[in-house]
>>> print(open('model_14.txt').read())   # compact mmCIF, C-alpha atoms
# COMPACT_ATOMS: atom_id res chain seq x y z
CA MET A 1 4.41 85.39 65.16
CA ARG A 2 4.12 86.65 68.76
CA GLN A 3 3.01 90.24 69.26
CA ARG A 4 5.54 92.79 70.52
CA ILE A 5 4.22 93.77 73.96
CA ALA A 6 5.61 96.26 76.48
CA VAL A 7 4.37 97.20 79.92
CA VAL A 8 5.49 100.53 81.36
CA GLY A 9 5.87 100.41 85.14
CA GLY A 10 7.34 97.82 87.49
CA GLY A 11 4.72 98.09 90.24
CA PRO A 12 2.14 95.46 91.25
CA ALA A 13 0.05 95.89 88.08
CA GLY A 14 2.89 95.77 85.57
CA LEU A 15 4.74 92.94 87.25
CA THR A 16 1.60 90.81 87.62
CA PHE A 17 0.83 91.34 83.92
CA ALA A 18 4.37 90.35 82.97
CA ARG A 19 4.51 87.41 85.37
CA VAL A 20 1.31 85.85 83.97
CA LEU A 21 2.61 86.28 80.41
CA HIS A 22 5.91 84.69 81.47
CA ARG A 23 4.02 81.76 82.97
CA HIS A 24 2.49 81.19 79.52
CA ASP A 25 5.86 81.56 77.76
CA HIS A 26 4.78 84.80 76.08
CA PRO A 27 7.54 87.41 75.69
CA VAL A 28 7.03 90.84 77.25
CA THR A 29 9.23 93.89 77.71
CA VAL A 30 9.02 95.47 81.17
CA LEU A 31 10.10 99.13 81.24
CA GLU A 32 10.77 100.76 84.61
CA ARG A 33 12.20 104.23 85.17
CA ASP A 34 13.83 103.38 88.53
CA PRO A 35 17.46 102.37 88.01
CA ALA A 36 17.16 99.31 90.29
CA PRO A 37 14.54 97.46 92.37
CA ASP A 38 15.81 99.06 95.59
CA ALA A 39 16.37 102.55 94.18
CA ARG A 40 13.74 104.02 96.52
CA PRO A 41 11.70 102.84 99.52
CA PRO A 42 9.02 100.43 98.30
CA GLY A 43 6.26 101.83 100.54
CA GLY A 44 4.15 100.26 103.25
CA THR A 45 2.16 97.10 103.61
CA LEU A 46 -0.72 95.89 101.41
CA ASP A 47 -3.69 93.74 102.29
CA LEU A 48 -4.39 91.43 99.37
CA HIS A 49 -8.01 90.39 99.06
CA GLU A 50 -8.94 86.79 98.47
CA LYS A 51 -11.01 87.53 95.35
CA LEU A 52 -8.79 90.27 93.93
CA GLY A 53 -5.04 90.41 94.62
CA GLN A 54 -4.79 86.79 95.79
CA LEU A 55 -6.68 85.63 92.71
CA ALA A 56 -4.15 87.50 90.57
CA LEU A 57 -1.27 85.81 92.38
CA ASP A 58 -2.92 82.46 91.78
CA LYS A 59 -3.09 83.22 88.06
CA ALA A 60 0.62 84.09 88.22
CA GLY A 61 1.38 80.79 89.95
CA VAL A 62 2.84 82.34 93.12
CA LEU A 63 -0.04 82.12 95.60
CA ALA A 64 1.69 79.51 97.78
CA GLU A 65 4.78 81.71 98.04
CA PHE A 66 2.56 84.64 99.00
CA HIS A 67 0.96 82.65 101.82
CA ALA A 68 4.43 81.83 103.15
CA LEU A 69 5.39 85.54 103.23
CA SER A 70 2.12 87.17 104.23
CA ARG A 71 1.01 88.14 107.72
CA PRO A 72 -2.59 87.08 108.45
CA GLU A 73 -2.26 88.60 111.92
CA GLY A 74 -1.75 91.96 110.21
CA GLN A 75 -5.49 92.09 109.50
CA ALA A 76 -6.06 93.12 113.15
CA MET A 77 -7.50 96.61 113.65
CA ARG A 78 -7.85 98.75 116.77
CA ILE A 79 -9.76 102.06 116.77
CA LEU A 80 -9.31 104.70 119.46
CA ASP A 81 -11.16 107.85 120.38
CA THR A 82 -9.05 111.01 120.46
CA ASP A 83 -8.96 110.73 124.27
CA GLY A 84 -7.35 107.28 124.01
CA THR A 85 -10.49 105.22 124.71
CA VAL A 86 -10.48 101.92 122.79
CA LEU A 87 -13.65 101.86 120.67
CA ARG A 88 -12.99 98.71 118.65
CA ASP A 89 -10.38 95.94 118.94
CA TRP A 90 -10.89 93.48 116.09
CA ARG A 91 -8.64 90.48 115.58
CA PRO A 92 -8.81 87.88 112.81
CA ARG A 93 -9.90 84.35 113.59
CA PRO A 94 -7.26 81.60 113.43
CA GLY A 95 -6.78 80.64 109.79
CA GLU A 96 -8.47 83.83 108.53
CA ARG A 97 -6.87 84.68 105.16
CA ALA A 98 -9.38 87.02 103.56
CA ASN A 99 -7.01 90.02 103.55
CA PRO A 100 -3.53 89.11 104.85
CA GLU A 101 -0.81 91.76 104.75
CA ILE A 102 2.46 91.72 102.83
CA ASP A 103 5.16 94.38 102.57
CA ARG A 104 5.29 96.05 99.16
CA GLY A 105 8.96 95.20 98.83
CA GLN A 106 8.30 91.53 99.48
CA LEU A 107 5.47 91.51 96.95
CA ARG A 108 7.69 93.21 94.36
CA ASP A 109 10.45 90.65 94.83
CA LEU A 110 7.94 87.79 94.68
CA LEU A 111 6.54 89.03 91.37
CA LEU A 112 9.93 89.88 89.90
CA GLY A 113 11.10 86.27 90.19
CA PRO A 114 12.49 85.33 86.76
CA LEU A 115 11.40 88.52 84.97
CA ALA A 116 13.99 90.49 83.00
CA VAL A 117 13.12 94.13 83.73
CA GLN A 118 14.72 96.97 81.81
CA TRP A 119 15.66 99.22 84.73
CA GLY A 120 16.33 102.90 84.22
CA ARG A 121 14.13 103.04 81.10
CA GLY A 122 12.01 106.10 81.78
CA VAL A 123 9.30 106.68 79.17
CA ALA A 124 8.82 110.24 77.94
CA GLU A 125 5.97 109.74 75.44
CA VAL A 126 3.85 107.09 73.77
CA VAL A 127 2.66 107.71 70.20
CA PRO A 128 0.06 105.29 68.77
CA GLY A 129 -0.81 104.88 65.11
CA THR A 130 2.64 104.93 63.53
CA ARG A 131 3.41 102.74 60.51
CA ASP A 132 5.37 100.26 62.62
CA GLY A 133 3.01 100.20 65.61
CA VAL A 134 3.04 102.14 68.87
CA LEU A 135 6.12 104.29 69.27
CA VAL A 136 7.69 104.62 72.72
CA ARG A 137 10.04 107.55 73.21
CA PHE A 138 12.39 107.21 76.14
CA ALA A 139 13.74 109.91 78.43
CA ASP A 140 17.27 109.15 77.20
CA GLY A 141 16.29 109.92 73.60
CA GLY A 142 15.88 106.31 72.42
CA GLU A 143 12.83 104.96 70.61
CA GLU A 144 11.20 101.55 70.15
CA THR A 145 7.95 100.30 68.62
CA PHE A 146 5.50 97.71 69.93
CA ASP A 147 2.16 96.19 68.95
CA LEU A 148 0.72 96.79 72.44
CA VAL A 149 1.90 99.20 75.12
CA VAL A 150 0.33 98.79 78.56
CA GLY A 151 0.50 101.78 80.87
CA ALA A 152 0.94 100.57 84.44
CA ASP A 153 2.96 103.59 85.46
CA GLY A 154 0.82 105.06 88.19
CA ALA A 155 -0.97 108.28 89.00
CA TRP A 156 1.14 110.52 86.75
CA SER A 157 1.33 108.04 83.90
CA ARG A 158 3.34 108.95 80.80
CA VAL A 159 1.26 106.44 78.81
CA ARG A 160 -2.16 107.81 79.78
CA PRO A 161 -2.05 110.87 77.46
CA ALA A 162 -1.97 108.49 74.48
CA ALA A 163 -5.43 107.28 75.43
CA SER A 164 -7.04 109.91 77.68
CA SER A 165 -6.85 113.63 78.42
CA ALA A 166 -7.89 113.09 82.05
CA THR A 167 -5.55 114.26 84.81
CA PRO A 168 -5.74 113.56 88.56
CA HIS A 169 -7.32 116.16 90.83
CA TYR A 170 -6.76 116.82 94.54
CA THR A 171 -9.32 115.32 96.92
CA GLY A 172 -8.85 117.91 99.65
CA VAL A 173 -7.23 115.30 101.89
CA THR A 174 -3.49 115.16 102.56
CA LEU A 175 -1.43 112.37 104.12
CA VAL A 176 1.88 112.99 105.83
CA GLU A 177 3.85 109.80 106.37
CA THR A 178 6.47 109.02 108.98
CA SER A 179 7.79 105.77 110.40
CA LEU A 180 9.12 103.96 113.45
CA ASP A 181 11.86 101.35 113.29
CA ASP A 182 12.51 98.43 115.64
CA VAL A 183 9.27 99.35 117.36
CA ASP A 184 9.10 96.33 119.69
CA THR A 185 12.49 97.16 121.23
CA ARG A 186 12.69 100.93 120.96
CA HIS A 187 9.01 101.81 121.47
CA PRO A 188 7.36 98.90 123.31
CA ASP A 189 4.46 101.07 124.49
CA LEU A 190 3.59 102.00 120.90
CA ALA A 191 4.11 98.39 119.80
CA ARG A 192 1.44 97.34 122.31
CA LEU A 193 -0.83 100.17 121.15
CA ILE A 194 -0.55 99.14 117.49
CA GLY A 195 -0.76 95.39 118.14
CA ASP A 196 -0.25 92.95 115.29
CA GLY A 197 -1.99 95.05 112.66
CA SER A 198 -3.11 98.68 112.68
CA VAL A 199 -4.41 101.32 115.04
CA ALA A 200 -6.52 104.28 113.92
CA VAL A 201 -7.70 107.40 115.73
CA TYR A 202 -10.43 109.50 114.12
CA GLY A 203 -11.20 113.13 114.92
CA VAL A 204 -12.93 116.04 113.20
CA ASN A 205 -11.58 116.13 109.64
CA ARG A 206 -8.44 114.35 110.89
CA ALA A 207 -7.11 110.87 111.48
CA LEU A 208 -3.93 109.15 112.64
CA VAL A 209 -3.24 105.63 111.40
CA ALA A 210 -0.28 103.42 112.32
CA GLN A 211 0.27 100.19 110.43
CA ARG A 212 2.71 97.45 111.32
CA ASN A 213 5.00 96.15 108.59
CA SER A 214 7.37 93.21 108.93
CA GLY A 215 10.65 93.43 110.83
CA GLY A 216 9.37 95.78 113.54
CA HIS A 217 8.80 98.63 111.06
CA VAL A 218 5.69 100.80 111.45
CA LYS A 219 4.28 103.33 108.99
CA VAL A 220 2.37 106.26 110.52
CA TYR A 221 -0.02 108.40 108.48
CA ALA A 222 -1.42 111.74 109.57
CA GLN A 223 -4.52 112.43 107.47
CA PHE A 224 -6.36 115.75 107.34
CA ARG A 225 -8.44 118.04 105.16
CA ALA A 226 -6.43 121.05 104.05
CA PRO A 227 -5.58 123.13 100.99
CA LEU A 228 -2.69 121.90 98.88
CA ASP A 229 -0.49 124.71 100.18
CA TRP A 230 -1.10 123.95 103.89
CA HIS A 231 2.68 123.59 104.34
CA LEU A 232 3.63 127.02 102.94
CA GLY A 233 6.65 128.36 104.77
CA LEU A 234 7.73 124.90 105.93
CA ASP A 235 10.95 123.30 104.81
CA PRO A 236 9.91 119.69 104.01
CA ALA A 237 13.39 118.53 105.01
CA ASP A 238 13.06 120.13 108.47
CA ALA A 239 11.53 117.21 110.35
CA GLU A 240 11.14 119.15 113.59
CA ALA A 241 9.27 122.00 111.91
CA VAL A 242 6.94 119.57 110.13
CA ARG A 243 6.43 117.65 113.38
CA ALA A 244 5.49 120.85 115.22
CA ARG A 245 2.98 121.81 112.54
CA LEU A 246 1.39 118.36 112.62
CA LEU A 247 1.21 118.30 116.41
CA SER A 248 -0.61 121.63 116.27
CA LEU A 249 -3.17 120.09 113.88
CA PHE A 250 -3.80 117.26 116.36
CA ASP A 251 -3.66 119.42 119.49
CA GLY A 252 -5.62 117.99 122.41
CA TRP A 253 -5.43 114.36 121.33
CA ALA A 254 -4.26 111.74 123.83
CA ASP A 255 -0.52 111.31 124.31
CA PRO A 256 -0.36 107.72 122.97
CA ALA A 257 -1.69 108.95 119.62
CA LEU A 258 0.54 112.02 119.53
CA ASP A 259 3.57 109.89 120.39
CA LEU A 260 3.19 108.27 116.97
CA LEU A 261 4.15 111.67 115.53
CA ARG A 262 6.57 112.72 118.26
CA ARG A 263 8.77 109.68 117.75
CA GLY A 264 8.60 109.42 113.97
CA GLY A 265 11.61 110.10 111.76
CA ALA A 266 11.47 111.95 108.44
CA PHE A 267 8.12 113.12 107.09
CA VAL A 268 6.83 112.63 103.54
CA HIS A 269 4.04 114.82 102.12
CA ARG A 270 1.44 112.79 100.17
CA PRO A 271 -1.60 114.80 99.00
CA LEU A 272 -4.31 112.44 97.76
CA TYR A 273 -5.24 112.74 94.09
CA VAL A 274 -7.87 110.81 92.16
CA LEU A 275 -9.09 110.42 88.59
CA PRO A 276 -12.78 110.94 87.77
CA VAL A 277 -14.88 108.14 89.26
CA SER A 278 -16.10 106.89 85.88
CA HIS A 279 -12.89 107.39 83.94
CA THR A 280 -13.05 105.74 80.51
CA TRP A 281 -11.55 106.56 77.12
CA ALA A 282 -12.14 105.95 73.45
CA HIS A 283 -10.28 102.74 72.64
CA VAL A 284 -6.86 103.34 71.07
CA LEU A 285 -5.29 100.63 68.92
CA GLY A 286 -2.19 99.31 70.66
CA VAL A 287 -2.50 101.21 73.97
CA THR A 288 -4.27 100.44 77.24
CA LEU A 289 -3.95 101.26 80.94
CA LEU A 290 -3.96 99.41 84.25
CA GLY A 291 -4.27 100.33 87.91
CA ASP A 292 -3.67 103.93 89.02
CA ALA A 293 -2.92 104.94 85.43
CA ALA A 294 -6.49 103.92 84.55
CA HIS A 295 -8.49 104.62 87.72
CA LEU A 296 -6.58 106.40 90.49
CA MET A 297 -8.73 106.25 93.62
CA PRO A 298 -8.32 106.87 97.37
CA PRO A 299 -5.91 104.40 99.03
CA LEU A 300 -8.46 102.38 100.97
CA GLY A 301 -7.05 98.90 100.39
CA VAL A 302 -8.46 98.27 96.91
CA GLY A 303 -6.26 99.99 94.32
CA ALA A 304 -3.32 97.56 94.26
CA ASN A 305 -5.71 94.61 94.41
CA LEU A 306 -7.62 95.82 91.36
CA ALA A 307 -4.41 96.65 89.52
CA MET A 308 -2.99 93.17 90.04
CA LEU A 309 -6.18 91.40 88.96
CA GLU A 310 -6.39 93.62 85.88
CA GLY A 311 -2.80 92.80 85.02
CA ALA A 312 -3.49 89.08 85.31
CA GLU A 313 -6.72 89.26 83.30
CA LEU A 314 -5.19 91.34 80.51
CA ALA A 315 -2.28 88.91 80.27
CA GLU A 316 -4.68 85.99 79.96
CA ALA A 317 -6.57 87.86 77.25
CA VAL A 318 -3.32 88.45 75.35
CA VAL A 319 -2.39 84.78 75.59
CA ALA A 320 -5.82 83.72 74.32
CA ALA A 321 -5.69 86.04 71.28
CA PRO A 322 -4.36 84.06 68.29
CA GLY A 323 -3.65 86.98 65.94
CA PRO A 324 -3.21 90.79 65.66
CA GLY A 325 -6.89 91.52 65.05
CA ASP A 326 -7.88 89.19 67.86
CA LEU A 327 -5.47 90.97 70.22
CA ASP A 328 -7.15 94.31 69.65
CA GLU A 329 -10.61 92.85 70.26
CA ALA A 330 -9.34 91.15 73.41
CA VAL A 331 -8.00 94.47 74.72
CA ARG A 332 -11.31 96.20 73.92
CA ALA A 333 -13.26 93.56 75.82
CA PHE A 334 -10.85 93.75 78.75
CA GLU A 335 -11.25 97.54 78.97
CA GLU A 336 -15.04 97.26 79.13
CA ARG A 337 -14.80 94.80 82.04
CA MET A 338 -12.15 96.91 83.80
CA TRP A 339 -14.15 100.13 83.50
CA ALA A 340 -17.29 98.60 84.97
CA ARG A 341 -15.53 97.04 87.96
CA ALA A 342 -13.21 99.99 88.63
CA GLY A 343 -16.12 102.43 88.43
CA ARG A 344 -17.93 100.57 91.21
CA TRP A 345 -14.84 100.54 93.42
CA ALA A 346 -14.00 104.19 92.69
CA THR A 347 -17.49 105.16 93.86
CA ILE A 348 -17.09 103.08 97.03
CA THR A 349 -13.64 104.41 97.90
CA ALA A 350 -14.59 108.05 97.21
CA ALA A 351 -17.50 107.69 99.63
CA GLY A 352 -15.21 105.88 102.07
CA LEU A 353 -12.68 108.71 102.12
CA GLU A 354 -15.47 111.18 102.86
CA ARG A 355 -16.42 109.09 105.91
CA LEU A 356 -12.92 108.34 107.17
CA VAL A 357 -11.79 111.97 107.16
CA SER A 358 -15.10 113.52 108.14
CA PRO A 359 -16.54 116.37 110.24
CA ASP A 360 -18.24 113.57 112.21
CA PRO A 361 -15.74 110.95 113.47
CA THR A 362 -18.57 108.48 114.12
CA ASP A 363 -18.82 108.10 110.33
CA ALA A 364 -15.44 106.32 110.32
CA LEU A 365 -16.47 104.00 113.13
CA ALA A 366 -19.74 103.18 111.37
CA LEU A 367 -17.86 102.40 108.15
CA PHE A 368 -15.57 100.00 110.01
CA ASP A 369 -18.60 98.22 111.54
CA GLU A 370 -20.26 97.91 108.14
CA ILE A 371 -17.15 96.37 106.59
CA GLN A 372 -16.69 93.90 109.42
CA ALA A 373 -20.36 92.93 109.28
CA SER A 374 -20.06 92.16 105.57
>>> encode(input="model_14.txt", output="structure tokens")
Amino acid sequence: MRQRIAVVGGGPAGLTFARVLHRHDHPVTVLERDPAPDARPPGGTLDLHEKLGQLALDKAGVLAEFHALSRPEGQAMRILDTDGTVLRDWRPRPGERANPEIDRGQLRDLLLGPLAVQWGRGVAEVVPGTRDGVLVRFADGGEETFDLVVGADGAWSRVRPAASSATPHYTGVTLVETSLDDVDTRHPDLARLIGDGSVAVYGVNRALVAQRNSGGHVKVYAQFRAPLDWHLGLDPADAEAVRARLLSLFDGWADPALDLLRRGGAFVHRPLYVLPVSHTWAHVLGVTLLGDAAHLMPPLGVGANLAMLEGAELAEAVVAAPGPGDLDEAVRAFEERMWARAGRWATITAAGLERLVSPDPTDALALFDEIQAS
């Protein structure tokens, strides 16, 4: 008899887990609190690494479709000094597919494919150890039990408290996001500045990054060290007031960089939180975690990749487990592998954030050179 398995969260981790199970004809219940796939903006672009996210897509049987959608040219990176001087202008070689970009919405739709997601099923609480298995209590008052509940529900996971008392803490770095639409037509000067991929400008404890998505859409991120309440007195919905505050933080920078903020639309406040670098937990029968729910780390191009590979590997472990006792041992073994790998990457990304938003902007440039050299 197949085990009753649920995954909470319809992001890259949860959908990869479910898609690999589906490929092996193993039933899985996907629970997502959003009422529909397009209920909110899906976010920016992701670079999927050959040995992480792309490997997960291969396990899910959709790697060819990914290659058709992805943008290898999006790997390009230009770095400017605050005075506008071009310090680095790196472009991928023809055929380079180590880290091609794909919009989050496109990736979501690719992974959704044939999956039957239960939309609008917000989880309020997960209670392990009941007589019938793991109890899931829903926000609408309903309840259901499963043999395995996988928390892939992000930074503020509702599943995590069933396994761990850890909570995310603020890194001291905040991102404020804005965007440009139809950039090639409406802002051709900025389109040339950004190129096919991304442009970054690094200053003292500050950075501006603009990243091209598909369809002429560009995401712009102002990054800076500040207390959580840096925006006290600001109305987040007052775009002009937020813009003025941001421009004051980047005062003196070259006009091409500041134009990324001047011409942006609405602004979204995104303080960066992380879990402890070596976050682990005492194994709980019937509950485990993936991705940001397990190891929230700075967004330096690794988190979604790890989450997807973990989802694929856990699904393969589930498929290979012939019985209930074997399933629990398979989950234990998976957690040990996940903790070791995620701990290494959490250490790397924590150090990377310190260098990218640093009192010495040359740290960011040196980090870029080290990555390219490797």
>>> residues_near_point(input="model_14.txt", point="(1.7, 93.8, 77.4)", cutoff="7 Å", atoms="only C-alpha atoms", output="list in words")
Ile5, Ala6, Val7, Val28, Leu148, Val149, Val150 and Ala315 of chain A
>>> residues_near_point(input="model_14.txt", point="(8.3, 85.5, 83.4)", cutoff="12 Å", atoms="only C-alpha atoms", output="count of residues only")
29
>>> closest_residue(input="model_14.txt", among="A:Thr280, A:Ser179, A:Thr288, A:Gln54", to="A:Leu309", atoms="all atoms listed in the file")
A:Gln54
>>> residues_around(input="model_14.txt", residues="stretch 71-77 of chain A", least_positions_apart="5", cutoff="7 Å", atoms="all atoms listed in the file", output="ChimeraX atom specification")
/A:89-92,96-97,99-102,196-199
>>> atom_distance(input="model_14.txt", atom1="atom CA of A:Leu249", atom2="atom CA of A:Asp181")
24.0 Å
>>> atom_distance(input="model_14.txt", atom1="atom CA of A:Pro271", atom2="atom CA of A:Asp292")
14.9 Å
>>> residues_around(input="model_14.txt", residues="A:Arg206", least_positions_apart="3", cutoff="10 Å", atoms="all atoms listed in the file", output="PyMOL selection string")
chain A and resi 173-175+201-203+222-226+249-250+356-361
>>> residues_around(input="model_14.txt", residues="A:Arg137", least_positions_apart="5", cutoff="7 Å", atoms="only C-alpha atoms", output="ChimeraX atom specification")
/A:123-126,142-144
>>> closest_residue(input="model_14.txt", among="A:Val218, A:Val86, A:Ala317, A:Ala64", to="A:Gly43", atoms="only C-alpha atoms")
A:Val218
>>> residues_around(input="model_14.txt", residues="A:Leu290", least_positions_apart="4", cutoff="8 Å", atoms="only C-alpha atoms", output="PyMOL selection string")
chain A and resi 13-14+150-152+294-295+307+310-311
>>> residues_around(input="model_14.txt", residues="A:Leu327", least_positions_apart="2", cutoff="10 Å", atoms="all atoms listed in the file", output="JSON, numbers by chain")
{"A": [3, 147, 148, 285, 286, 317, 318, 319, 320, 321, 322, 323, 324, 325, 329, 330, 331, 332, 333]}
>>> decode(input="model_14.txt", residues="stretch 294-323 of chain A", atoms="C-alpha atoms", output="PDB file, in the first residue's frame")
ATOM      1  CA  ALA A 294      15.199  23.879   6.079  1.00  0.00           C
ATOM      2  CA  HIS A 295      18.122  26.220   5.379  1.00  0.00           C
ATOM      3  CA  LEU A 296      17.168  29.798   4.534  1.00  0.00           C
ATOM      4  CA  MET A 297      20.305  31.538   3.270  1.00  0.00           C
ATOM      5  CA  PRO A 298      21.211  34.767   1.435  1.00  0.00           C
ATOM      6  CA  PRO A 299      19.830  34.890  -2.135  1.00  0.00           C
ATOM      7  CA  LEU A 300      23.092  34.451  -4.001  1.00  0.00           C
ATOM      8  CA  GLY A 301      21.931  32.067  -6.721  1.00  0.00           C
ATOM      9  CA  VAL A 302      22.056  28.818  -4.734  1.00  0.00           C
ATOM     10  CA  GLY A 303      18.901  28.506  -2.620  1.00  0.00           C
ATOM     11  CA  ALA A 304      16.406  27.513  -5.325  1.00  0.00           C
ATOM     12  CA  ASN A 305      18.973  25.200  -6.900  1.00  0.00           C
ATOM     13  CA  LEU A 306      19.527  23.349  -3.630  1.00  0.00           C
ATOM     14  CA  ALA A 307      15.806  23.229  -2.925  1.00  0.00           C
ATOM     15  CA  MET A 308      15.026  21.651  -6.282  1.00  0.00           C
ATOM     16  CA  LEU A 309      17.776  19.039  -6.015  1.00  0.00           C
ATOM     17  CA  GLU A 310      16.634  18.180  -2.490  1.00  0.00           C
ATOM     18  CA  GLY A 311      13.078  17.782  -3.717  1.00  0.00           C
ATOM     19  CA  ALA A 312      14.201  15.433  -6.474  1.00  0.00           C
ATOM     20  CA  GLU A 313      16.458  13.398  -4.173  1.00  0.00           C
ATOM     21  CA  LEU A 314      13.826  13.038  -1.462  1.00  0.00           C
ATOM     22  CA  ALA A 315      11.285  11.897  -4.053  1.00  0.00           C
ATOM     23  CA  GLU A 316      13.700   9.273  -5.334  1.00  0.00           C
ATOM     24  CA  ALA A 317      14.281   8.103  -1.768  1.00  0.00           C
ATOM     25  CA  VAL A 318      10.521   7.788  -1.225  1.00  0.00           C
ATOM     26  CA  VAL A 319      10.120   5.775  -4.420  1.00  0.00           C
ATOM     27  CA  ALA A 320      12.948   3.431  -3.420  1.00  0.00           C
ATOM     28  CA  ALA A 321      11.501   2.742   0.053  1.00  0.00           C
ATOM     29  CA  PRO A 322       9.390  -0.440  -0.115  1.00  0.00           C
ATOM     30  CA  GLY A 323       7.592  -0.114   3.232  1.00  0.00           C
TER      31      GLY A 323
END
